[in-house]
Structures are given as structure tokens and as C-alpha cells.
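A.B. asks: Below you'll find the structure I mean.
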Amino acid sequence: MKRSDPQSIAAVIDQALADTELTGVFREQNACYLWAEVVGPGINRYTTRRYVDRGVMHVYISSGPLKGELQFMRSKLVEQLNKAVGAPVLTDLQIH
């Protein structure tokens, strides 16, 4: 058996994701996870559901006035989420 140099767990996971071409899906799911961190606990409290479909993040908000406020901040939120993920994963944000 061929011996190789030791690798970190992060490097092994990154290599496995690259080999199976799941890096994009992983980053989309990471964007969903980072939603709470980007918008903060006040807005996240009203978030009932979120998912990414073809580069568009869909977020369900239970407060009508907050939906209106977030509509004005859509492009800024997409920019912040992409920055948090470290790659341009999201193209748009839909608030429901």
C-alpha cells in the first residue's frame, strides 16, 4: 500500500466534495445555515423556513412588516451571504 503525507480533516472533506461535484450544493446549504448569523437573532426569530433552489434563496418570514423591510435589503443580503460563504453561490433572494 502506498503511504501518503498526513492531511487535515478539512482537506480530506474538501477533496471528497470536489471528487463528487457536491461543492456547490454544500455551499448552498452553508448559505442557509449562515442566514441566522448574517441577519442576526432579531430577524431570524421570524424566519420559519429557508432553502436554496438553483442559486435563489427562498426565505419565509412570519411578519408582514419585516417582509417589506427585507425586500429593500435583498441585494445587500445576497452580497453578505455570498461573502460569508466565500463564493458567489446565490444570485437572488426571494422573501415569502
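We label chains A, B, ... in the order they appear in the C-alpha cells, count residues from 1 in each chain, and number ligands from 1 in the order shown.
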Within chain A, find each residue whose DSSP state, derived from the backbone, is helix (DSSP H, G or I), and express the selection as number ranges by chain.

C.D. replies: A: 9-19, 23-39, 41-44, 64-72, 74-85

A.B. asks: At a cut-off of 7 Å, using only C-alpha atoms, what residues contact stretch 53-57 of chain A? Leave out same-chain residues fewer than 6 positions from it and give the result as a PyMOL selection string.

C.D. replies: chain A and resi 89-94

A.B. asks: Please produce a file of those selected residues containing C-alpha atoms, as a short mmCIF file (atom, residue, chain, number, x, y, z; two decimals), in the first residue's frame.

C.D. replies:
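The file below, out.cif, is the result:
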```cif
data_model
loop_
_atom_site.label_atom_id
_atom_site.label_comp_id
_atom_site.auth_asym_id
_atom_site.auth_seq_id
_atom_site.Cartn_x
_atom_site.Cartn_y
_atom_site.Cartn_z
CA VAL A 89 -23.36 30.92 -4.62
CA LEU A 90 -26.55 32.99 -4.50
CA THR A 91 -27.91 35.08 -7.36
CA ASP A 92 -31.16 36.27 -5.78
CA LEU A 93 -33.21 36.24 -2.60
CA GLN A 94 -36.96 35.66 -2.56
#
```

A.B. asks: Please provide as a list in words all residues within 8 Å of stretch 33-37 of chain A, with the sequence filter that same-chain residues fewer than 3 positions apart are discarded (counting only C-alpha atoms).

C.D. replies: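 Neighbouring residues, sequence-local ones excluded: Gln29, Asn30, Gly40, Pro41, Ile43, Asn44, Leu81, Ala84 and Val85 of chain A.
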
A.B. asks: Can you list every residue in chain A that DSSP puts in strand (DSSP E), as an MDAnalysis selection string?

C.D. replies: chainID A and resid 47:53 56:61 92:95

A.B. asks: Please determine, counting only C-alpha atoms, which residue among A:Ala31, A:Gly42, A:Thr48, A:Thr20 has the shortest atom-to-atom distance to A:Asn82.

C.D. replies: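 Counting only C-alpha atoms, the residue closest to A:Asn82 is A:Ala31.
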
A.B. asks: My list of candidates is A:Ile95, A:Phe72, A:Val78, A:Arg27. Which is closest to A:Tyr60 when distances are computed with only C-alpha atoms?

C.D. replies: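 Among A:Ile95, A:Phe72, A:Val78, A:Arg27, it is A:Ile95 that comes nearest to A:Tyr60.
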
A.B. asks: So what do you get for atom CA of A:Cys32 versus atom CA of A:Arg49, distance-wise?

C.D. replies: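 Value for the atom CA of A:Cys32-atom CA of A:Arg49 distance: 9.6 Å.
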
A.B. asks: So how far away is atom CA of A:Leu77 from atom CA of A:Ile61, in Å?

C.D. replies: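 Atom CA of A:Leu77 lies 14.6 Å from atom CA of A:Ile61.
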